[in-house]
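Shown next: my_file.csv, given as CSV, C-alpha atoms.
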chain,number,residue,atom,x,y,z
A,1341,MET,CA,-39.8,2.6,-22.3
A,1342,ILE,CA,-38.3,0.6,-19.5
A,1343,PHE,CA,-40.1,-1.8,-17.2
A,1344,GLU,CA,-38.4,-2.8,-13.9
A,1345,PRO,CA,-39.7,-5.8,-12.0
A,1346,SER,CA,-40.9,-5.3,-8.5
A,1347,SER,CA,-39.5,-8.7,-7.5
A,1348,THR,CA,-37.7,-11.6,-9.2
A,1349,GLU,CA,-38.1,-14.1,-6.4
A,1350,SER,CA,-40.6,-16.2,-8.4
A,1351,GLY,CA,-38.0,-17.4,-10.9
A,1352,LEU,CA,-39.0,-18.0,-14.5
A,1353,PRO,CA,-42.6,-19.1,-15.5
A,1354,ASP,CA,-42.8,-22.6,-16.9
A,1355,THR,CA,-45.1,-22.7,-19.9
A,1356,GLY,CA,-44.7,-26.4,-20.7
A,1357,GLY,CA,-42.6,-25.6,-23.7
A,1358,ARG,CA,-45.3,-23.5,-25.4
A,1359,LEU,CA,-44.9,-20.0,-26.8
A,1360,ILE,CA,-47.6,-17.9,-25.1
A,1361,TYR,CA,-48.8,-14.4,-25.5
A,1362,ALA,CA,-51.2,-12.9,-22.9
A,1363,ILE,CA,-53.2,-9.7,-23.2
A,1364,GLY,CA,-54.6,-7.7,-20.3
A,1365,ASP,CA,-58.0,-6.1,-19.8
A,1366,VAL,CA,-59.2,-4.4,-23.0
A,1367,HIS,CA,-62.4,-2.8,-21.7
A,1368,GLY,CA,-63.9,-1.7,-25.0
A,1369,ARG,CA,-60.7,-0.3,-26.6
A,1370,ASP,CA,-60.6,-2.1,-30.0
A,1371,ASP,CA,-58.1,0.5,-31.3
A,1372,LEU,CA,-55.6,-0.5,-28.6
A,1373,LEU,CA,-56.2,-4.2,-29.1
A,1374,ALA,CA,-55.5,-3.9,-32.8
A,1375,ARG,CA,-52.1,-2.2,-32.0
A,1376,VAL,CA,-51.1,-4.8,-29.5
A,1377,LEU,CA,-52.0,-7.7,-31.9
A,1378,ASP,CA,-49.8,-6.0,-34.5
A,1379,ARG,CA,-47.0,-5.9,-32.0
A,1380,ILE,CA,-47.5,-9.6,-31.2
A,1381,GLY,CA,-47.6,-10.4,-34.9
A,1382,ASP,CA,-44.3,-8.7,-35.5
A,1383,ASP,CA,-42.8,-10.5,-32.5
A,1384,LEU,CA,-44.2,-13.8,-33.6
A,1385,GLN,CA,-42.5,-13.6,-37.0
A,1386,SER,CA,-39.1,-13.9,-35.5
A,1387,ARG,CA,-39.7,-16.8,-33.2
A,1388,ALA,CA,-42.7,-19.0,-34.2
A,1389,ALA,CA,-40.4,-21.4,-36.1
A,1390,GLU,CA,-38.6,-22.3,-32.9
A,1391,TYR,CA,-41.7,-24.0,-31.5
A,1392,PRO,CA,-43.3,-27.2,-32.9
A,1393,ASP,CA,-46.8,-26.3,-31.6
A,1394,PRO,CA,-48.9,-23.3,-32.6
A,1395,PRO,CA,-48.5,-20.1,-30.5
A,1396,VAL,CA,-51.0,-19.6,-27.8
A,1397,LEU,CA,-52.9,-16.3,-27.2
A,1398,VAL,CA,-54.6,-16.0,-23.8
A,1399,MET,CA,-57.0,-13.1,-23.4
A,1400,LEU,CA,-57.4,-12.3,-19.6
A,1401,GLY,CA,-61.0,-11.1,-19.6
A,1402,ASP,CA,-62.9,-7.8,-19.4
A,1403,TYR,CA,-63.2,-7.2,-23.1
A,1404,ILE,CA,-66.3,-5.0,-22.7
A,1405,ASP,CA,-67.5,-2.0,-20.7
A,1406,ARG,CA,-66.1,1.5,-20.1
A,1407,GLY,CA,-64.5,2.0,-23.6
A,1408,ARG,CA,-66.9,2.6,-26.4
A,1409,GLN,CA,-65.9,-0.2,-28.8
A,1410,SER,CA,-67.1,-3.3,-27.0
A,1411,PRO,CA,-68.9,-4.7,-30.1
A,1412,GLN,CA,-65.8,-4.2,-32.2
A,1413,VAL,CA,-63.6,-6.0,-29.6
A,1414,LEU,CA,-65.9,-9.0,-29.6
A,1415,ASP,CA,-66.0,-9.0,-33.5
A,1416,ARG,CA,-62.2,-9.0,-33.5
A,1417,LEU,CA,-62.1,-11.9,-31.1
A,1418,VAL,CA,-64.6,-13.9,-33.2
A,1419,ARG,CA,-62.4,-13.4,-36.2
A,1420,LEU,CA,-59.3,-14.4,-34.3
A,1421,GLY,CA,-60.9,-17.6,-33.3
A,1422,VAL,CA,-61.6,-18.4,-37.0
A,1423,GLN,CA,-58.7,-16.8,-38.8
A,1424,GLY,CA,-55.9,-16.2,-36.3
A,1425,PRO,CA,-52.6,-18.1,-36.2
A,1426,PHE,CA,-53.1,-18.8,-32.5
A,1427,GLU,CA,-54.5,-21.4,-30.2
A,1428,LEU,CA,-56.9,-18.9,-28.8
A,1429,ARG,CA,-57.9,-19.1,-25.1
A,1430,LEU,CA,-60.5,-16.6,-23.9
A,1431,LEU,CA,-60.9,-16.1,-20.2
A,1432,LEU,CA,-64.2,-14.9,-18.7
A,1433,GLY,CA,-63.9,-11.6,-16.8
A,1434,ASN,CA,-66.3,-10.2,-14.2
A,1435,HIS,CA,-67.7,-7.7,-16.7
A,1436,GLU,CA,-68.6,-10.5,-19.2
A,1437,GLU,CA,-70.3,-12.4,-16.4
A,1438,ALA,CA,-72.3,-9.3,-15.5
A,1439,MET,CA,-73.4,-8.9,-19.1
A,1440,LEU,CA,-74.5,-12.6,-19.3
A,1441,ASP,CA,-76.3,-12.3,-16.0
A,1442,PHE,CA,-78.2,-9.3,-17.3
A,1443,LEU,CA,-79.2,-11.0,-20.5
A,1444,ALA,CA,-80.3,-14.1,-18.6
A,1445,GLY,CA,-82.6,-12.0,-16.3
A,1446,GLU,CA,-80.6,-12.8,-13.2
A,1447,THR,CA,-79.9,-9.1,-12.4
A,1448,SER,CA,-81.8,-5.9,-13.1
A,1449,GLY,CA,-78.7,-4.4,-14.9
A,1450,ARG,CA,-78.6,-1.4,-12.7
A,1451,GLY,CA,-75.4,-2.4,-11.0
A,1452,TRP,CA,-73.7,-3.5,-14.2
A,1453,ALA,CA,-74.6,-0.2,-15.8
A,1454,ARG,CA,-72.9,1.8,-13.0
A,1455,TYR,CA,-69.6,0.1,-13.5
A,1456,GLY,CA,-69.4,0.2,-17.3
A,1457,GLY,CA,-72.4,-1.7,-18.7
A,1458,ARG,CA,-74.2,1.5,-19.7
A,1459,THR,CA,-71.4,2.2,-22.2
A,1460,THR,CA,-71.6,-1.3,-23.6
A,1461,MET,CA,-75.4,-1.2,-24.1
A,1462,GLU,CA,-75.2,2.2,-25.7
A,1463,SER,CA,-72.5,1.0,-28.0
A,1464,TYR,CA,-75.0,-1.7,-29.3
A,1465,GLY,CA,-77.5,1.1,-29.9
A,1466,VAL,CA,-79.6,0.5,-26.8
A,1467,THR,CA,-81.2,3.3,-24.8
A,1468,VAL,CA,-80.5,2.8,-21.1
A,1469,PRO,CA,-82.8,4.1,-18.4
A,1470,THR,CA,-81.5,7.0,-16.3
A,1471,ASN,CA,-83.8,6.1,-13.4
A,1472,ASP,CA,-82.8,3.1,-11.3
A,1473,HIS,CA,-86.4,2.6,-10.2
A,1474,ASP,CA,-87.8,2.4,-13.8
A,1475,LEU,CA,-88.1,-1.4,-13.7
A,1476,ASP,CA,-90.2,-1.4,-17.0
A,1477,GLY,CA,-87.5,0.6,-18.6
A,1478,TRP,CA,-84.7,-1.8,-17.5
A,1479,ASN,CA,-86.7,-4.8,-18.7
A,1480,ALA,CA,-87.2,-3.1,-22.1
A,1481,ALA,CA,-83.5,-2.3,-22.2
A,1482,ARG,CA,-82.8,-6.0,-21.6
A,1483,GLU,CA,-85.1,-7.1,-24.4
A,1484,ALA,CA,-83.5,-4.5,-26.8
A,1485,PHE,CA,-80.0,-5.5,-25.8
A,1486,ALA,CA,-80.7,-9.2,-26.3
A,1487,ALA,CA,-82.0,-8.4,-29.8
A,1488,ALA,CA,-79.0,-6.2,-30.6
A,1489,VAL,CA,-76.2,-8.6,-29.5
A,1490,PRO,CA,-75.2,-10.8,-32.4
A,1491,SER,CA,-75.4,-14.6,-31.9
A,1492,SER,CA,-71.7,-14.8,-32.6
A,1493,HIS,CA,-70.9,-12.5,-29.7
A,1494,LEU,CA,-73.2,-14.4,-27.3
A,1495,ALA,CA,-71.7,-17.8,-28.3
A,1496,LEU,CA,-68.2,-16.3,-27.7
A,1497,LEU,CA,-69.1,-15.1,-24.3
A,1498,LYS,CA,-70.7,-18.4,-23.3
A,1499,SER,CA,-67.6,-20.3,-24.4
A,1500,MET,CA,-65.1,-18.4,-22.2
A,1501,GLU,CA,-63.1,-20.2,-19.6
A,1502,LEU,CA,-62.4,-19.5,-15.9
A,1503,PHE,CA,-58.7,-20.3,-16.1
A,1504,VAL,CA,-56.2,-22.0,-18.3
A,1505,LEU,CA,-52.9,-23.8,-17.4
A,1506,TYR,CA,-49.8,-24.4,-19.4
A,1507,GLY,CA,-47.0,-26.1,-17.6
A,1508,LYS,CA,-46.9,-24.4,-14.2
A,1509,THR,CA,-48.2,-21.1,-15.5
A,1510,LEU,CA,-51.8,-20.3,-14.6
A,1511,PHE,CA,-53.8,-17.7,-16.5
A,1512,VAL,CA,-56.8,-16.3,-14.7
A,1513,HIS,CA,-58.8,-13.0,-14.8
A,1514,ALA,CA,-58.4,-11.8,-11.2
A,1515,GLY,CA,-56.3,-14.2,-9.2
A,1516,ILE,CA,-56.6,-17.2,-6.8
A,1517,ARG,CA,-57.2,-17.6,-3.1
A,1518,PRO,CA,-53.9,-18.6,-1.5
A,1519,GLY,CA,-53.8,-22.0,0.1
A,1520,VAL,CA,-56.8,-23.4,-1.9
A,1521,PRO,CA,-56.2,-26.1,-4.5
A,1522,LEU,CA,-56.9,-25.0,-8.1
A,1523,ASP,CA,-59.8,-27.4,-8.5
A,1524,GLN,CA,-61.4,-26.0,-5.4
A,1525,GLN,CA,-61.1,-22.3,-6.2
A,1526,ALA,CA,-64.4,-20.4,-6.0
A,1527,ARG,CA,-65.7,-18.8,-9.2
A,1528,GLY,CA,-66.1,-15.5,-7.4
A,1529,ASP,CA,-62.5,-15.4,-6.4
A,1530,LEU,CA,-61.2,-16.3,-9.9
A,1531,LEU,CA,-63.3,-13.4,-11.3
A,1532,GLY,CA,-63.0,-10.9,-8.6
A,1533,ILE,CA,-60.4,-11.5,-5.8
A,1534,ARG,CA,-58.1,-8.6,-5.0
A,1535,LYS,CA,-56.3,-7.9,-1.7
A,1536,GLU,CA,-56.2,-11.5,-0.4
A,1537,PHE,CA,-54.4,-12.5,-3.6
A,1538,LEU,CA,-52.4,-9.3,-4.2
A,1539,ASN,CA,-51.1,-9.0,-0.7
A,1540,ALA,CA,-50.3,-12.7,-0.1
A,1541,GLU,CA,-46.8,-13.8,0.4
A,1542,TYR,CA,-45.8,-16.2,-2.5
A,1543,ASP,CA,-47.2,-19.7,-1.7
A,1544,PHE,CA,-48.9,-20.5,-5.0
A,1545,ASP,CA,-48.4,-23.8,-6.8
A,1546,HIS,CA,-48.3,-21.8,-10.1
A,1547,PHE,CA,-46.9,-18.7,-11.6
A,1548,VAL,CA,-50.1,-16.6,-12.1
A,1549,VAL,CA,-50.7,-14.2,-15.0
A,1550,HIS,CA,-53.8,-12.1,-14.4
A,1551,GLY,CA,-55.5,-8.7,-14.8
A,1552,HIS,CA,-58.6,-7.2,-13.1
A,1553,THR,CA,-56.7,-4.7,-10.8
A,1554,PRO,CA,-55.3,-1.7,-12.8
A,1555,VAL,CA,-51.7,-0.8,-12.3
A,1556,GLU,CA,-49.6,1.9,-13.8
A,1557,ARG,CA,-47.4,-0.5,-15.7
A,1558,SER,CA,-47.2,-4.3,-16.0
A,1559,ASP,CA,-46.3,-5.5,-12.5
A,1560,LEU,CA,-44.1,-8.5,-11.9
A,1561,GLN,CA,-44.2,-9.7,-8.4
A,1562,ALA,CA,-43.1,-13.0,-6.8
A,1563,GLY,CA,-45.3,-15.6,-8.3
A,1564,ARG,CA,-47.5,-13.4,-10.4
A,1565,LEU,CA,-47.6,-10.9,-13.3
A,1566,ASN,CA,-50.4,-8.3,-13.6
A,1567,LEU,CA,-51.1,-7.1,-17.1
A,1568,ASP,CA,-54.1,-4.8,-16.5
A,1569,THR,CA,-52.7,-1.3,-17.2
A,1570,GLY,CA,-56.1,0.4,-17.3
A,1571,ALA,CA,-56.4,0.6,-21.1
A,1572,TYR,CA,-59.7,2.5,-21.2
A,1573,MET,CA,-58.4,5.4,-19.1
A,1574,THR,CA,-54.6,5.3,-19.8
A,1575,GLY,CA,-54.6,4.4,-23.5
A,1576,MET,CA,-52.1,1.7,-22.8
A,1577,LEU,CA,-53.0,-2.0,-23.3
A,1578,SER,CA,-50.3,-4.4,-22.2
A,1579,ALA,CA,-49.4,-7.9,-23.3
A,1580,ALA,CA,-46.7,-10.4,-22.3
A,1581,ARG,CA,-44.7,-13.0,-24.1
A,1582,LEU,CA,-44.0,-16.1,-22.0
A,1583,ASP,CA,-41.5,-18.5,-23.5
A,1584,GLY,CA,-39.6,-20.0,-20.6
A,1585,GLY,CA,-37.4,-16.9,-20.0
A,1586,SER,CA,-38.3,-13.8,-18.1
A,1587,PRO,CA,-41.6,-12.3,-19.3
A,1588,ALA,CA,-41.4,-9.9,-22.2
A,1589,ILE,CA,-43.8,-6.9,-22.3
A,1590,LEU,CA,-45.4,-5.5,-25.4
A,1591,THR,CA,-47.8,-2.5,-25.3
A,1592,SER,CA,-50.0,-0.4,-27.5
A,1593,ALA,CA,-47.7,2.5,-26.8
A,1594,MET,CA,-44.6,0.8,-28.2
A,1595,ALA,CA,-43.2,1.1,-31.7
A,1596,ALA,CA,-43.3,-2.0,-33.9
A,1597,GLY,CA,-40.6,-4.4,-32.8
A,1598,ASP,CA,-40.2,-3.0,-29.3
A,1599,VAL,CA,-40.0,-5.6,-26.6
A,1600,VAL,CA,-38.9,-5.2,-23.0
A,1601,ARG,CA,-38.0,-8.1,-20.7
A,1602,VAL,CA,-39.0,-7.7,-17.0
Would you mind writing the file out in structure tokens?
Amino acid sequence: MIFEPSSTESGLPDTGGRLIYAIGDVHGRDDLLARVLDRIGDDLQSRAAEYPDPPVLVMLGDYIDRGRQSPQVLDRLVRLGVQGPFELRLLLGNHEEAMLDFLAGETSGRGWARYGGRTTMESYGVTVPTNDHDLDGWNAAREAFAAAVPSSHLALLKSMELFVLYGKTLFVHAGIRPGVPLDQQARGDLLGIRKEFLNAEYDFDHFVVHGHTPVERSDLQAGRLNLDTGAYMTGMLSAARLDGGSPAILTSAMAAGDVVRV
């Protein structure tokens, strides 16, 4: 399996001397997440001793929806935060935001259900209305869902970050608006921007590692790396190792020990 970069104009991402792994959008595929974490574990064994600080694991958001194992994914992330060898950083994705908004009563849930939330609610054992106009049914589904979601899952979701920064490498779910300082970026852009970020000529202050927009394979462009390879529909979940050299890609489709530099 060979990955060719689309561009190398961005140079090498500066991680501030940290060994960092980043994983793209999981979307309810705990089976794929388990495989990628195994690949990372194998890779980590051969290099962790080179770094004085613990390795970092950044999850890029969208852990839930579409795939049918959203509760299992959140369970695994809870365990990683307690038992894992990593400094774990969990980014909020737009799908987690939609779930939290529904639980808080800020939305009816109908829009969320259409783009993946129905599968998540059903995976927690909740019956979801089939009629968009059944407001009583949607309110009942919200109450049932709130009762079904473990407190550990809710606490995890509420603890998630909008972005993290190591050295000059920025990790964010969707991207950033070009020309806007990081501390002035809009929440909606961090969670949902697409064409204004993806089509921009490189003028970012940071090397950006992101997900949100599915691509056929991990996509290295000038100034950014996209790790969303559409896991729920392609069966391939992608991760990257960033260690001061060119990014190295590990996927759920690789055999143990396989790593490809891009």
- Please return, as a PyMOL selection string, all polymer residues that have at least one atom within 6 Å of the point (-67.2, -9.5, -18.9); use all atoms listed in the file and the file's own coordinate frame. chain A and resi 1402+1404+1433-1437
Only C-alpha atoms, please: the residues just picked out, written as a PDB file, in the coordinates of the input.
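Output file out-v7.pdb is given in full below:
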ATOM      1  CA  ASP A1402     -62.900  -7.800 -19.400  1.00  0.00           C
ATOM      2  CA  ILE A1404     -66.300  -5.000 -22.700  1.00  0.00           C
ATOM      3  CA  GLY A1433     -63.900 -11.600 -16.800  1.00  0.00           C
ATOM      4  CA  ASN A1434     -66.300 -10.200 -14.200  1.00  0.00           C
ATOM      5  CA  HIS A1435     -67.700  -7.700 -16.700  1.00  0.00           C
ATOM      6  CA  GLU A1436     -68.600 -10.500 -19.200  1.00  0.00           C
ATOM      7  CA  GLU A1437     -70.300 -12.400 -16.400  1.00  0.00           C
TER       8      GLU A1437
END
- Query: Using all atoms listed in the file, which residues sit within 10 Å of stretch 1417-1421 of chain A once same-chain residues fewer than 5 positions away are excluded, as a VMD selection string?
  - Reply: chain A and resid 1370 1373 1397 1399 1403 1411 to 1412 1426 to 1430 1492 to 1493 1495 to 1496
- Query: Using all atoms listed in the file, which of the listed residues (A:Ser1448, A:Gln1524, A:Gln1423, A:Gln1409) sits closest to A:Pro1469?
  - Reply: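 Using all atoms listed in the file, the shortest distance to A:Pro1469 belongs to A:Ser1448.
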- Message: I want to know what sits within 6 Å of A:Ser1578, based on all atoms listed in the file, with residues of the same chain fewer than 4 positions away left out; could you give that as a list in words?
- Response: Gly1364, Leu1567, Leu1590 and Thr1591 of chain A
- List the neighbours of A:Leu1505 out to 10 Å using only C-alpha atoms; skip same-chain residues closer than 4 positions along the sequence, and give me the result as a VMD selection string. chain A and resid 1355 to 1356 1509 to 1512 1546 to 1548
- Task: Go through A:Gly1456, A:Gly1445, A:Pro1425, A:Gly1381 and flag the residue nearest A:Arg1482, using all atoms listed in the file for the distances.
- Result: A:Gly1445
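Restricting the calculation to all atoms listed in the file, the smallest distance between A:Ala1540 and any of A:Ala1389, A:Ala1453, A:Ala1562, A:Val1468 is found for A:Ala1562.
Reported to one decimal place, the separation of atom CA of A:Arg1408 from atom CA of A:Asp1472 is 21.9 Å.
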- Message: List as a ChimeraX atom specification the protein and nucleic acid residues near stretch 1569-1576 of chain A, meaning an atom at most 12 Å away when all atoms listed in the file are counted, but skip any in the same chain fewer than 2 places from it.
- Response: /A:1363-1376,1402-1410,1456,1459,1550-1559,1565-1567,1578-1579,1589-1594
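Here the question is which of A:Gly1477, A:Gly1585, A:Gly1357, A:Gly1424 gets nearest to A:Pro1392 using only C-alpha atoms, and that residue is A:Gly1357.
For the choices A:Pro1395, A:Gly1449, A:Gly1528, A:Pro1353, the atom-to-atom distance to A:Trp1478 is smallest for A:Gly1449 when using all atoms listed in the file.
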- Item | Two-atom distance - atom CA of A:Ser1499, atom CA of A:Ala1588 (Å) | 28.3 Å
- Item | Given all atoms listed in the file as the counted atoms, nearest of A:Gly1584, A:Val1466, A:Asp1476, A:Val1504 to A:Val1398 | A:Val1504
- Task: Just the residues within 12 Å of A:Thr1447, please, counting only C-alpha atoms, with nothing from its chain fewer than 3 positions along; format it as JSON, numbers by chain.
- Result: {"A": [1437, 1438, 1439, 1440, 1441, 1442, 1443, 1444, 1450, 1451, 1452, 1453, 1475, 1478, 1479, 1482]}
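Shown here are all protein and nucleic acid residues lying within 9 Å of (-55.9, -9.2, -4.1), with only C-alpha atoms considered: A:Ala1514, A:Gly1515, A:Ile1516, A:Arg1517, A:Gly1532, A:Ile1533, A:Arg1534, A:Lys1535, A:Glu1536, A:Phe1537, A:Leu1538, A:Asn1539, A:Ala1540, A:Thr1553.
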- Item | Gap from atom CA of A:Leu1560 to atom CA of A:Arg1358 - Å, one decimal |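 Atom CA of A:Leu1560 sits 20.2 Å away from atom CA of A:Arg1358.
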